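Reproduced below: run27.pdb, with PDB, C-alpha atoms and all ligand atoms.
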MODEL        1
ATOM      1  CA  MET T  19     106.884  73.466  98.264
ATOM      2  CA  SER T  20     106.609  70.036  96.734
ATOM      3  CA  GLN T  21     103.150  68.900  95.747
ATOM      4  CA  SER T  22     102.031  65.780  97.573
ATOM      5  CA  GLN T  23     100.496  62.903  95.663
ATOM      6  CA  SER T  24      99.942  60.124  98.167
ATOM      7  CA  SER T  25      97.650  59.683 101.063
ATOM      8  CA  LEU T  26      97.907  57.352 104.023
ATOM      9  CA  LYS T  27      95.046  55.409 105.556
ATOM     10  CA  LEU T  28      95.842  55.180 109.218
ATOM     11  CA  SER T  29      95.511  51.961 111.161
ATOM     12  CA  ILE T  30      92.420  51.981 113.405
ATOM     13  CA  LEU T  31      92.423  51.199 117.125
ATOM     14  CA  ASP T  32      89.030  50.719 118.759
ATOM     15  CA  ILE T  33      89.856  52.058 122.199
ATOM     16  CA  SER T  34      86.517  50.997 123.716
ATOM     17  CA  LYS T  35      87.397  47.301 123.284
ATOM     18  CA  THR T  36      89.666  44.945 125.167
ATOM     19  CA  GLN T  37      92.612  44.503 122.828
ATOM     20  CA  ASN T  38      93.398  41.066 121.391
ATOM     21  CA  PRO T  39      96.622  39.737 119.813
ATOM     22  CA  SER T  40      95.526  40.808 116.362
ATOM     23  CA  SER T  41      94.608  44.404 117.314
ATOM     24  CA  LEU T  42      97.834  44.707 119.326
ATOM     25  CA  SER T  43      99.939  43.497 116.452
ATOM     26  CA  SER T  44      98.385  46.043 114.036
ATOM     27  CA  LEU T  45      98.946  48.736 116.636
ATOM     28  CA  LEU T  46     102.609  47.831 117.046
ATOM     29  CA  GLU T  47     103.095  47.737 113.308
ATOM     30  CA  ALA T  48     101.581  51.239 112.988
ATOM     31  CA  CYS T  49     103.741  52.535 115.860
ATOM     32  CA  LYS T  50     106.929  51.155 114.290
ATOM     33  CA  GLU T  51     106.256  52.117 110.716
ATOM     34  CA  TRP T  52     104.504  55.472 111.016
ATOM     35  CA  GLY T  53     104.156  56.462 114.658
ATOM     36  CA  PHE T  54     100.628  57.464 113.619
ATOM     37  CA  PHE T  55      97.274  55.719 113.979
ATOM     38  CA  GLN T  56      93.673  56.674 114.670
ATOM     39  CA  ILE T  57      91.332  55.792 117.499
ATOM     40  CA  ILE T  58      87.584  55.254 117.274
ATOM     41  CA  ASN T  59      84.884  54.974 119.949
ATOM     42  CA  HIS T  60      86.917  57.390 122.049
ATOM     43  CA  GLY T  61      83.986  58.855 123.943
ATOM     44  CA  ILE T  62      84.659  62.520 123.140
ATOM     45  CA  SER T  63      81.245  63.786 122.132
ATOM     46  CA  GLU T  64      80.703  66.122 119.228
ATOM     47  CA  GLU T  65      78.920  68.409 121.618
ATOM     48  CA  LEU T  66      82.006  68.824 123.794
ATOM     49  CA  TYR T  67      84.171  69.326 120.725
ATOM     50  CA  SER T  68      81.804  71.953 119.279
ATOM     51  CA  LYS T  69      81.650  73.845 122.557
ATOM     52  CA  LEU T  70      85.411  73.943 122.830
ATOM     53  CA  CYS T  71      85.730  75.038 119.202
ATOM     54  CA  SER T  72      83.203  77.780 119.635
ATOM     55  CA  PHE T  73      85.044  79.227 122.657
ATOM     56  CA  SER T  74      88.322  78.885 120.799
ATOM     57  CA  ARG T  75      87.013  80.797 117.784
ATOM     58  CA  GLN T  76      85.799  83.587 120.053
ATOM     59  CA  LEU T  77      89.154  83.706 121.697
ATOM     60  CA  PHE T  78      91.185  83.902 118.499
ATOM     61  CA  SER T  79      88.884  86.565 117.102
ATOM     62  CA  LEU T  80      89.880  88.946 119.921
ATOM     63  CA  PRO T  81      92.145  91.842 118.939
ATOM     64  CA  SER T  82      95.875  91.050 118.778
ATOM     65  CA  ASP T  83      96.519  93.609 121.543
ATOM     66  CA  THR T  84      94.363  91.558 123.908
ATOM     67  CA  LYS T  85      95.828  88.171 122.963
ATOM     68  CA  ILE T  86      99.388  89.388 123.244
ATOM     69  CA  LYS T  87      98.776  90.014 126.954
ATOM     70  CA  LEU T  88      99.243  86.229 127.197
ATOM     71  CA  GLY T  89     102.173  86.208 124.784
ATOM     72  CA  PRO T  90     105.754  85.009 125.152
ATOM     73  CA  SER T  91     106.861  88.103 127.049
ATOM     74  CA  SER T  92     103.931  88.078 129.507
ATOM     75  CA  SER T  93     103.988  86.225 132.811
ATOM     76  CA  VAL T  94     101.348  83.703 131.686
ATOM     77  CA  LYS T  95     103.041  82.806 128.352
ATOM     78  CA  SER T  96     100.110  80.707 127.150
ATOM     79  CA  TYR T  97      99.673  82.381 123.776
ATOM     80  CA  THR T  98     101.909  81.925 120.734
ATOM     81  CA  PRO T  99     101.244  84.737 118.269
ATOM     82  CA  ARG T 100     101.664  84.443 114.523
ATOM     83  CA  PHE T 101     105.181  84.554 113.049
ATOM     84  CA  ILE T 102     106.780  82.372 115.723
ATOM     85  CA  ALA T 103     105.994  78.845 114.570
ATOM     86  CA  SER T 104     104.838  80.152 111.166
ATOM     87  CA  PRO T 105     103.122  83.233 109.731
ATOM     88  CA  PHE T 106      99.823  81.284 109.688
ATOM     89  CA  TYR T 107      99.951  79.711 113.139
ATOM     90  CA  GLU T 108      98.672  81.061 116.450
ATOM     91  CA  GLY T 109      98.031  78.913 119.502
ATOM     92  CA  LEU T 110      96.850  78.893 123.091
ATOM     93  CA  ARG T 111      98.199  76.391 125.605
ATOM     94  CA  VAL T 112      96.290  75.056 128.612
ATOM     95  CA  VAL T 113      98.287  72.917 131.038
ATOM     96  CA  GLY T 114      96.991  70.006 133.113
ATOM     97  CA  PRO T 115      96.294  68.318 135.378
ATOM     98  CA  ASP T 116      94.408  71.381 136.642
ATOM     99  CA  PHE T 117      93.148  72.467 133.221
ATOM    100  CA  PHE T 118      90.475  74.582 134.899
ATOM    101  CA  SER T 119      92.924  76.894 136.668
ATOM    102  CA  SER T 120      95.195  77.133 133.666
ATOM    103  CA  ALA T 121      92.272  78.073 131.394
ATOM    104  CA  GLU T 122      90.871  80.433 133.996
ATOM    105  CA  CYS T 123      94.176  82.228 134.212
ATOM    106  CA  SER T 124      94.155  82.892 130.443
ATOM    107  CA  GLY T 125      90.391  83.446 130.344
ATOM    108  CA  ARG T 126      90.543  86.152 132.990
ATOM    109  CA  VAL T 127      92.906  88.177 130.838
ATOM    110  CA  LEU T 128      90.998  87.552 127.613
ATOM    111  CA  PHE T 129      87.322  87.583 128.579
ATOM    112  CA  GLY T 130      87.285  89.390 131.923
ATOM    113  CA  ASN T 131      85.829  87.428 134.844
ATOM    114  CA  GLU T 132      83.099  85.615 132.912
ATOM    115  CA  SER T 133      85.257  82.753 131.703
ATOM    116  CA  ASN T 134      84.040  79.919 133.925
ATOM    117  CA  GLU T 135      82.235  78.128 131.165
ATOM    118  CA  PHE T 136      85.351  78.128 128.975
ATOM    119  CA  SER T 137      87.415  76.751 131.878
ATOM    120  CA  GLU T 138      84.838  74.046 132.575
ATOM    121  CA  VAL T 139      84.788  72.894 128.974
ATOM    122  CA  VAL T 140      88.587  72.805 128.809
ATOM    123  CA  GLN T 141      88.703  70.903 132.096
ATOM    124  CA  GLU T 142      86.277  68.266 130.842
ATOM    125  CA  TYR T 143      88.182  67.894 127.577
ATOM    126  CA  GLY T 144      91.567  67.759 129.333
ATOM    127  CA  VAL T 145      90.485  65.115 131.833
ATOM    128  CA  LYS T 146      89.003  62.922 129.094
ATOM    129  CA  MET T 147      92.102  63.264 126.939
ATOM    130  CA  THR T 148      94.360  62.381 129.890
ATOM    131  CA  GLU T 149      92.334  59.225 130.473
ATOM    132  CA  LEU T 150      92.483  58.342 126.781
ATOM    133  CA  SER T 151      96.261  58.873 126.760
ATOM    134  CA  ARG T 152      96.584  56.375 129.608
ATOM    135  CA  GLN T 153      94.450  53.801 127.832
ATOM    136  CA  ILE T 154      96.369  54.229 124.589
ATOM    137  CA  LEU T 155      99.713  53.940 126.348
ATOM    138  CA  GLU T 156      98.601  50.750 128.075
ATOM    139  CA  ALA T 157      97.657  49.266 124.709
ATOM    140  CA  ILE T 158     101.045  50.285 123.275
ATOM    141  CA  LEU T 159     102.911  48.730 126.221
ATOM    142  CA  MET T 160     100.906  45.519 125.805
ATOM    143  CA  SER T 161     101.740  45.511 122.107
ATOM    144  CA  LEU T 162     105.457  45.505 122.978
ATOM    145  CA  GLY T 163     105.055  42.170 124.717
ATOM    146  CA  ASP T 164     103.821  40.290 127.736
ATOM    147  CA  GLY T 165     104.983  41.846 130.928
ATOM    148  CA  PHE T 166     105.481  45.360 129.574
ATOM    149  CA  LYS T 167     102.249  46.698 131.011
ATOM    150  CA  LYS T 168     103.903  46.996 134.421
ATOM    151  CA  PHE T 169     105.979  49.920 133.128
ATOM    152  CA  TYR T 170     102.868  52.020 133.167
ATOM    153  CA  GLU T 171     103.064  52.169 136.919
ATOM    154  CA  THR T 172     106.800  52.447 137.304
ATOM    155  CA  GLU T 173     107.494  54.912 134.498
ATOM    156  CA  PHE T 174     104.396  56.834 133.409
ATOM    157  CA  MET T 175     102.419  57.560 136.575
ATOM    158  CA  LYS T 176     103.587  61.172 136.807
ATOM    159  CA  SER T 177     102.975  62.001 133.158
ATOM    160  CA  TYR T 178     100.686  64.937 132.488
ATOM    161  CA  GLY T 179      98.868  66.515 129.568
ATOM    162  CA  TYR T 180      98.573  69.913 127.991
ATOM    163  CA  LEU T 181      96.253  71.119 125.307
ATOM    164  CA  ARG T 182      97.236  73.387 122.460
ATOM    165  CA  ILE T 183      94.410  75.037 120.590
ATOM    166  CA  ILE T 184      95.706  76.101 117.216
ATOM    167  CA  ASN T 185      94.199  78.533 114.760
ATOM    168  CA  TYR T 186      95.654  78.491 111.240
ATOM    169  CA  ALA T 187      94.976  81.500 109.042
ATOM    170  CA  PRO T 188      93.948  80.697 105.475
ATOM    171  CA  PRO T 189      96.495  81.048 102.677
ATOM    172  CA  GLU T 190      96.261  84.118 100.443
ATOM    173  CA  PRO T 191      94.047  83.535  97.368
ATOM    174  CA  SER T 192      97.154  83.644  95.182
ATOM    175  CA  GLN T 193      98.835  80.836  97.178
ATOM    176  CA  GLU T 194      97.996  77.276  96.207
ATOM    177  CA  GLU T 195      99.441  75.717  99.343
ATOM    178  CA  VAL T 196     101.517  76.949 102.254
ATOM    179  CA  GLU T 197     103.132  75.412 105.317
ATOM    180  CA  GLY T 198     100.963  76.209 108.332
ATOM    181  CA  LEU T 199     103.449  74.408 110.562
ATOM    182  CA  GLY T 200     106.793  73.233 109.266
ATOM    183  CA  LYS T 201     108.394  69.806 109.487
ATOM    184  CA  HIS T 202     108.844  68.721 113.098
ATOM    185  CA  THR T 203     108.547  65.840 115.530
ATOM    186  CA  ASP T 204     106.502  66.226 118.709
ATOM    187  CA  MET T 205     108.536  66.331 121.905
ATOM    188  CA  SER T 206     106.170  64.588 124.285
ATOM    189  CA  CYS T 207     105.176  60.919 124.637
ATOM    190  CA  MET T 208     102.091  61.133 122.457
ATOM    191  CA  THR T 209      99.755  63.597 120.820
ATOM    192  CA  ILE T 210      96.020  63.153 120.368
ATOM    193  CA  LEU T 211      94.695  65.400 117.676
ATOM    194  CA  TYR T 212      91.070  66.264 117.115
ATOM    195  CA  PRO T 213      91.461  67.114 113.467
ATOM    196  CA  ASP T 214      89.549  69.827 111.668
ATOM    197  CA  ASP T 215      87.482  68.559 108.755
ATOM    198  CA  VAL T 216      89.946  70.355 106.516
ATOM    199  CA  SER T 217      92.538  67.647 105.964
ATOM    200  CA  SER T 218      95.976  69.261 106.109
ATOM    201  CA  LEU T 219      98.250  67.034 108.137
ATOM    202  CA  GLN T 220     101.098  65.231 106.419
ATOM    203  CA  VAL T 221     103.492  62.600 107.742
ATOM    204  CA  ARG T 222     106.905  61.852 106.310
ATOM    205  CA  SER T 223     107.585  58.230 105.432
ATOM    206  CA  LYS T 224     110.866  56.511 106.313
ATOM    207  CA  GLU T 225     111.859  57.076 102.691
ATOM    208  CA  GLY T 226     111.221  60.804 103.079
ATOM    209  CA  LYS T 227     107.935  61.044 101.149
ATOM    210  CA  TRP T 228     105.185  63.359 102.388
ATOM    211  CA  MET T 229     101.836  61.578 102.748
ATOM    212  CA  ASP T 230      98.460  63.226 103.349
ATOM    213  CA  ILE T 231      96.712  61.894 106.419
ATOM    214  CA  GLU T 232      93.027  61.299 105.924
ATOM    215  CA  PRO T 233      91.407  60.226 109.161
ATOM    216  CA  CYS T 234      88.000  58.601 109.037
ATOM    217  CA  GLU T 235      85.112  60.667 110.251
ATOM    218  CA  GLY T 236      84.843  61.010 114.008
ATOM    219  CA  SER T 237      88.223  59.444 114.745
ATOM    220  CA  LEU T 238      91.082  61.063 116.624
ATOM    221  CA  VAL T 239      94.592  61.008 115.213
ATOM    222  CA  VAL T 240      97.311  59.779 117.572
ATOM    223  CA  ASN T 241     101.007  60.238 116.975
ATOM    224  CA  LEU T 242     103.962  59.243 119.086
ATOM    225  CA  GLY T 243     106.514  61.786 120.231
ATOM    226  CA  ASP T 244     110.240  61.920 120.907
ATOM    227  CA  MET T 245     110.006  61.052 124.601
ATOM    228  CA  LEU T 246     108.370  57.723 123.780
ATOM    229  CA  GLU T 247     110.792  57.061 120.940
ATOM    230  CA  ALA T 248     113.703  57.591 123.340
ATOM    231  CA  TRP T 249     112.065  55.600 126.143
ATOM    232  CA  SER T 250     111.496  52.674 123.761
ATOM    233  CA  ASN T 251     115.082  52.814 122.464
ATOM    234  CA  GLY T 252     113.782  53.719 119.020
ATOM    235  CA  ARG T 253     111.304  50.838 118.738
ATOM    236  CA  LEU T 254     108.366  53.242 118.631
ATOM    237  CA  ARG T 255     108.630  55.909 115.986
ATOM    238  CA  SER T 256     108.229  59.651 116.405
ATOM    239  CA  SER T 257     107.623  60.722 112.809
ATOM    240  CA  GLU T 258     108.205  64.035 111.192
ATOM    241  CA  HIS T 259     104.985  65.713 110.191
ATOM    242  CA  ARG T 260     103.756  69.120 109.066
ATOM    243  CA  VAL T 261     100.596  71.046 108.301
ATOM    244  CA  VAL T 262      99.932  72.143 104.738
ATOM    245  CA  LEU T 263      97.131  74.645 104.170
ATOM    246  CA  ARG T 264      95.303  74.587 100.876
ATOM    247  CA  LYS T 265      91.743  75.770 101.512
ATOM    248  CA  PRO T 266      90.796  79.433 101.747
ATOM    249  CA  ARG T 267      89.465  79.132 105.301
ATOM    250  CA  ASN T 268      90.656  79.036 108.876
ATOM    251  CA  ARG T 269      91.600  75.699 110.351
ATOM    252  CA  LEU T 270      91.189  74.989 114.039
ATOM    253  CA  SER T 271      92.900  72.026 115.596
ATOM    254  CA  LEU T 272      93.025  70.723 119.132
ATOM    255  CA  ALA T 273      96.330  69.032 119.874
ATOM    256  CA  PHE T 274      96.605  67.296 123.243
ATOM    257  CA  PHE T 275     100.160  66.408 124.265
ATOM    258  CA  TRP T 276     100.877  63.813 126.928
ATOM    259  CA  SER T 277     104.319  64.191 128.394
ATOM    260  CA  PHE T 278     106.658  62.797 131.004
ATOM    261  CA  GLU T 279     107.122  65.047 134.029
ATOM    262  CA  ASP T 280     109.819  67.742 133.602
ATOM    263  CA  ASP T 281     112.440  66.168 135.882
ATOM    264  CA  LYS T 282     112.023  62.634 134.505
ATOM    265  CA  VAL T 283     115.237  61.040 133.318
ATOM    266  CA  ILE T 284     114.442  59.120 130.155
ATOM    267  CA  PHE T 285     116.402  55.907 130.020
ATOM    268  CA  ALA T 286     114.957  52.877 128.283
ATOM    269  CA  PRO T 287     114.551  49.931 130.710
ATOM    270  CA  GLU T 288     116.829  46.944 129.973
ATOM    271  CA  GLU T 289     113.851  44.790 129.002
ATOM    272  CA  VAL T 290     112.740  47.341 126.453
ATOM    273  CA  VAL T 291     116.224  47.588 124.918
ATOM    274  CA  GLY T 292     116.405  43.796 124.760
ATOM    275  CA  GLU T 293     119.402  41.551 125.225
ATOM    276  CA  GLY T 294     122.246  42.127 122.839
ATOM    277  CA  ASN T 295     120.852  45.412 121.478
ATOM    278  CA  LYS T 296     122.740  48.669 121.719
ATOM    279  CA  ARG T 297     121.301  51.822 123.191
ATOM    280  CA  VAL T 298     120.174  54.345 120.610
ATOM    281  CA  PHE T 299     119.827  57.205 123.133
ATOM    282  CA  LYS T 300     121.853  58.524 126.029
ATOM    283  CA  PRO T 301     119.833  59.207 129.174
ATOM    284  CA  PHE T 302     118.492  62.745 129.397
ATOM    285  CA  VAL T 303     116.243  64.922 131.547
ATOM    286  CA  CYS T 304     112.960  65.870 129.868
ATOM    287  CA  SER T 305     113.114  69.568 130.628
ATOM    288  CA  ASP T 306     116.632  69.786 129.140
ATOM    289  CA  TYR T 307     115.298  68.459 125.868
ATOM    290  CA  VAL T 308     112.327  70.831 125.951
ATOM    291  CA  ARG T 309     114.738  73.739 126.482
ATOM    292  CA  PHE T 310     116.883  72.520 123.580
ATOM    293  CA  ARG T 311     113.827  72.672 121.352
ATOM    294  CA  GLU T 312     112.528  76.033 122.554
ATOM    295  CA  PHE T 313     112.552  78.797 120.011
ATOM    296  CA  GLU T 314     115.430  81.226 120.226
ATOM    297  CA  ASP T 315     114.654  84.661 118.827
ATOM    298  CA  GLU T 316     117.050  84.647 115.906
ATOM    299  CA  GLU T 317     116.786  81.016 114.943
ATOM    300  CA  ILE T 318     113.112  80.323 115.207
ATOM    301  CA  TYR T 319     112.648  78.449 111.984
ATOM    302  CA  GLU T 320     115.783  76.322 112.177
ATOM    303  CA  LYS T 321     115.009  75.018 115.649
ATOM    304  CA  VAL T 322     111.674  73.558 114.547
ATOM    305  CA  GLY T 323     113.555  70.844 112.667
ATOM    306  CA  ASN T 324     115.628  69.476 115.534
ATOM    307  CA  THR T 325     114.800  66.093 117.008
ATOM    308  CA  VAL T 326     115.704  63.948 119.976
ATOM    309  CA  ARG T 327     118.282  62.134 117.843
ATOM    310  CA  ASP T 328     120.174  65.401 117.437
ATOM    311  CA  PHE T 329     119.973  65.920 121.188
ATOM    312  CA  ALA T 330     120.603  62.519 122.746
ATOM    313  CA  GLY T 331     121.359  60.062 119.940
ATOM    314  CA  THR T 332     124.302  57.711 120.510
ATOM    315  CA  GLY T 333     124.885  57.361 116.781
ATOM    316  CA  VAL T 334     123.809  53.711 116.856
ATOM    317  CA  PRO T 335     121.369  53.153 113.981
ATOM    318  CA  GLU T 336     117.753  52.460 114.796
ATOM    319  CA  MET T 337     116.723  48.844 115.477
ATOM    320  CA  PRO T 338     114.990  47.024 112.620
TER
HETATM  321  O1  LIG L 401      97.329  71.114 113.649
HETATM  322  C1  LIG L 401      97.658  69.974 113.359
HETATM  323  O2  LIG L 401      96.987  69.266 112.609
HETATM  324  C2  LIG L 401      98.923  69.384 113.906
HETATM  325  C3  LIG L 401      99.621  70.229 114.909
HETATM  326  C4  LIG L 401     100.936  69.694 115.306
HETATM  327  O3  LIG L 401     101.540  68.879 114.657
HETATM  328  C5  LIG L 401     101.547  70.150 116.565
HETATM  329  O4  LIG L 401     101.015  71.071 117.188
HETATM  330  O5  LIG L 401     102.567  69.585 116.969
HETATM  331 FE    FE L 402     103.107  68.004 115.795
ENDMDL
END
What would the structure in this file look like if it were written as structure tokens?
Ligand SMILES: O=C(O)CCC(=O)C(=O)O
Ligand SMILES: [Fe+2]
Amino acid sequence: MSQSQSSLKLSILDISKTQNPSSLSSLLEACKEWGFFQIINHGISEELYSKLCSFSRQLFSLPSDTKIKLGPSSSVKSYTPRFIASPFYEGLRVVGPDFFSSAECSGRVLFGNESNEFSEVVQEYGVKMTELSRQILEAILMSLGDGFKKFYETEFMKSYGYLRIINYAPPEPSQEEVEGLGKHTDMSCMTILYPDDVSSLQVRSKEGKWMDIEPCEGSLVVNLGDMLEAWSNGRLRSSEHRVVLRKPRNRLSLAFFWSFEDDKVIFAPEEVVGEGNKRVFKPFVCSDYVRFREFEDEEIYEKVGNTVRDFAGTGVPEMP
């Protein structure tokens, strides 16, 4: 794997403030250039984060035989064991808007009946992240121009969130760095990541260079996904990124994905495309794209690299 040399300081959005023309213009710039930025004053307390992490660590330390009861061939399907996304990656998914029930369903299998506290913590986290996603999206719509905020109500009202708790195993002592999660774009509208203090996330620049992301302390990392790139006719960027593990310790990350509803047809509104511009994407149904990206047994690793351009691109180059 190529050694990375450069790091990227992400643009900062103070989400507790009313945005002004200058903050909106930096936000838009970050969304176009990188599809990554960070938010501060987000209101997620360290206490809530620590509680969720502590439950998550307990959960991942359970025997594989127990965890696999939630695996891909179970009825719940909330657990992704190692060797699907990568040999180092295992994850548990909790789906909103009823995060409590979704967590309870997994918790019952993993911890027996005493999982209420876990479900409550996940519920609180999920609700707060959903609210943050809405606020961030509103800021992004405002950054696109006057009059774009209205699309929140007409296009995004049925969006929902899901949380993926990811546990990365440490590399072997003989390995200097390994890919914990290979190059991919996120499928949903946006991802809010509560990063581990072990910095491991890399984003690929337009020129194809891998850059280390170093968020400032206490911030959350936000990146835009394919559904928003398609909805914005390519104006907002869904960047390729990956996770590179270098330290000899586990890494726990909380990735919250905010997605359009499954049966939503993504088709950029005329105003978003803009007069005289060509469409970069054909209309498509969200769940069809999700299915396109789902891992097939024999071609697990190849599928990780596919993007929405491969699925619904018209071949028209991206707008400047
Ligand atoms: O764990 C991370 O830092 C990022 C995870 C990620 O990119 C993903 O789950 O899509
Ligand atoms: Fe991702």
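Considering only C-alpha atoms and all ligand atoms, the residues that reside within 8 Å of ligand LIG 401 (chain L) can be listed as Arg182, Ile184, Tyr186, Leu199, His202, Thr203, Asp204, Thr209, Leu211, Pro213, Asp214, Ser218, Leu219, His259, Arg260, Val261, Leu270, Ser271, Leu272 and Ala273 of chain T.
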Store the residues of this selection in a file with C-alpha atoms, as a PDB file, keeping the file's coordinate frame.
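What ended up in part.pdb:
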ATOM      1  CA  ARG T 182      97.236  73.387 122.460  1.00  0.00           C
ATOM      2  CA  ILE T 184      95.706  76.101 117.216  1.00  0.00           C
ATOM      3  CA  TYR T 186      95.654  78.491 111.240  1.00  0.00           C
ATOM      4  CA  LEU T 199     103.449  74.408 110.562  1.00  0.00           C
ATOM      5  CA  HIS T 202     108.844  68.721 113.098  1.00  0.00           C
ATOM      6  CA  THR T 203     108.547  65.840 115.530  1.00  0.00           C
ATOM      7  CA  ASP T 204     106.502  66.226 118.709  1.00  0.00           C
ATOM      8  CA  THR T 209      99.755  63.597 120.820  1.00  0.00           C
ATOM      9  CA  LEU T 211      94.695  65.400 117.676  1.00  0.00           C
ATOM     10  CA  PRO T 213      91.461  67.114 113.467  1.00  0.00           C
ATOM     11  CA  ASP T 214      89.549  69.827 111.668  1.00  0.00           C
ATOM     12  CA  SER T 218      95.976  69.261 106.109  1.00  0.00           C
ATOM     13  CA  LEU T 219      98.250  67.034 108.137  1.00  0.00           C
ATOM     14  CA  HIS T 259     104.985  65.713 110.191  1.00  0.00           C
ATOM     15  CA  ARG T 260     103.756  69.120 109.066  1.00  0.00           C
ATOM     16  CA  VAL T 261     100.596  71.046 108.301  1.00  0.00           C
ATOM     17  CA  LEU T 270      91.189  74.989 114.039  1.00  0.00           C
ATOM     18  CA  SER T 271      92.900  72.026 115.596  1.00  0.00           C
ATOM     19  CA  LEU T 272      93.025  70.723 119.132  1.00  0.00           C
ATOM     20  CA  ALA T 273      96.330  69.032 119.874  1.00  0.00           C
TER      21      ALA T 273
END
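Across T:Met229, T:Ile158, T:Val221, T:Ala286, the tightest approach to ligand FE 402 (chain L) is made by T:Val221 when counting only C-alpha atoms and all ligand atoms.
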### Task
Would you mind listing what lies within 6 Å of segment 43-58 of chain T as an NGL selection string, with only C-alpha atoms counted and same-chain residues fewer than 3 positions away left out?
:T and (28-32 or 40 or 161 or 237-242 or 254-257)
Write the selection just made, keeping C-alpha atoms, as a PDB file, in the coordinates of the input?
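Written out: result-v3.pdb:
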ATOM      1  CA  LEU T  28      95.842  55.180 109.218  1.00  0.00           C
ATOM      2  CA  SER T  29      95.511  51.961 111.161  1.00  0.00           C
ATOM      3  CA  ILE T  30      92.420  51.981 113.405  1.00  0.00           C
ATOM      4  CA  LEU T  31      92.423  51.199 117.125  1.00  0.00           C
ATOM      5  CA  ASP T  32      89.030  50.719 118.759  1.00  0.00           C
ATOM      6  CA  SER T  40      95.526  40.808 116.362  1.00  0.00           C
ATOM      7  CA  SER T 161     101.740  45.511 122.107  1.00  0.00           C
ATOM      8  CA  SER T 237      88.223  59.444 114.745  1.00  0.00           C
ATOM      9  CA  LEU T 238      91.082  61.063 116.624  1.00  0.00           C
ATOM     10  CA  VAL T 239      94.592  61.008 115.213  1.00  0.00           C
ATOM     11  CA  VAL T 240      97.311  59.779 117.572  1.00  0.00           C
ATOM     12  CA  ASN T 241     101.007  60.238 116.975  1.00  0.00           C
ATOM     13  CA  LEU T 242     103.962  59.243 119.086  1.00  0.00           C
ATOM     14  CA  LEU T 254     108.366  53.242 118.631  1.00  0.00           C
ATOM     15  CA  ARG T 255     108.630  55.909 115.986  1.00  0.00           C
ATOM     16  CA  SER T 256     108.229  59.651 116.405  1.00  0.00           C
ATOM     17  CA  SER T 257     107.623  60.722 112.809  1.00  0.00           C
TER      18      SER T 257
END
### Message
List the spatial neighbours of Tyr143 of chain T as a ChimeraX atom specification - criterion: any atom at most 12 Å away, only C-alpha atoms, same-chain residues fewer than 6 positions off excluded.
### Response
/T:60-71,112-118,121,136-137,149-150,179-183,210,212,272-274
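Computed from the coordinates, the atom CA of Pro266 of chain T to atom CA of Pro188 of chain T distance equals 5.0 Å.
Atom pair atom CA of Ile102 of chain T / atom CA of Glu258 of chain T: separated by 18.9 Å.
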Would you list the contacts of segment 82-92 of chain T as a short mmCIF file (atom, residue, chain, number, x, y, z; two decimals) with C-alpha atoms, in the frame of the given file, taking every protein, DNA or RNA residue within 7 Å and counting all atoms listed in the file, but skipping same-chain residues closer than 4 positions in sequence?
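The resulting around13.cif:
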data_model
loop_
_atom_site.label_atom_id
_atom_site.label_comp_id
_atom_site.auth_asym_id
_atom_site.auth_seq_id
_atom_site.Cartn_x
_atom_site.Cartn_y
_atom_site.Cartn_z
CA SER T 96 100.11 80.71 127.15
CA TYR T 97 99.67 82.38 123.78
CA THR T 98 101.91 81.92 120.73
CA PRO T 99 101.24 84.74 118.27
CA SER T 124 94.16 82.89 130.44
CA LEU T 128 91.00 87.55 127.61
#
Save segment 76-82 of chain T from what I just supplied, as a PDB file, in the first residue's frame, atoms limited to N, CA, C and O atoms.
ATOM      1  N   GLN T  76     -18.095  -3.965  24.846  1.00  0.00           N
ATOM      2  CA  GLN T  76     -18.613  -5.205  25.462  1.00  0.00           C
ATOM      3  C   GLN T  76     -19.173  -6.139  24.405  1.00  0.00           C
ATOM      4  O   GLN T  76     -18.941  -7.336  24.411  1.00  0.00           O
ATOM      5  N   LEU T  77     -19.904  -5.518  23.510  1.00  0.00           N
ATOM      6  CA  LEU T  77     -20.589  -6.273  22.474  1.00  0.00           C
ATOM      7  C   LEU T  77     -19.592  -6.984  21.535  1.00  0.00           C
ATOM      8  O   LEU T  77     -19.727  -8.165  21.257  1.00  0.00           O
ATOM      9  N   PHE T  78     -18.571  -6.242  21.120  1.00  0.00           N
ATOM     10  CA  PHE T  78     -17.618  -6.851  20.187  1.00  0.00           C
ATOM     11  C   PHE T  78     -16.711  -7.863  20.884  1.00  0.00           C
ATOM     12  O   PHE T  78     -16.098  -8.690  20.219  1.00  0.00           O
ATOM     13  N   SER T  79     -16.639  -7.777  22.219  1.00  0.00           N
ATOM     14  CA  SER T  79     -15.790  -8.752  22.903  1.00  0.00           C
ATOM     15  C   SER T  79     -16.513 -10.078  23.150  1.00  0.00           C
ATOM     16  O   SER T  79     -15.924 -11.020  23.680  1.00  0.00           O
ATOM     17  N   LEU T  80     -17.781 -10.162  22.769  1.00  0.00           N
ATOM     18  CA  LEU T  80     -18.512 -11.435  22.900  1.00  0.00           C
ATOM     19  C   LEU T  80     -17.917 -12.465  21.936  1.00  0.00           C
ATOM     20  O   LEU T  80     -17.313 -12.103  20.921  1.00  0.00           O
ATOM     21  N   PRO T  81     -18.116 -13.753  22.239  1.00  0.00           N
ATOM     22  CA  PRO T  81     -17.561 -14.777  21.346  1.00  0.00           C
ATOM     23  C   PRO T  81     -18.175 -14.681  19.936  1.00  0.00           C
ATOM     24  O   PRO T  81     -19.340 -14.282  19.791  1.00  0.00           O
ATOM     25  N   SER T  82     -17.385 -15.048  18.944  1.00  0.00           N
ATOM     26  CA  SER T  82     -17.856 -14.984  17.547  1.00  0.00           C
ATOM     27  C   SER T  82     -19.147 -15.782  17.355  1.00  0.00           C
ATOM     28  O   SER T  82     -20.034 -15.356  16.610  1.00  0.00           O
TER      29      SER T  82
END
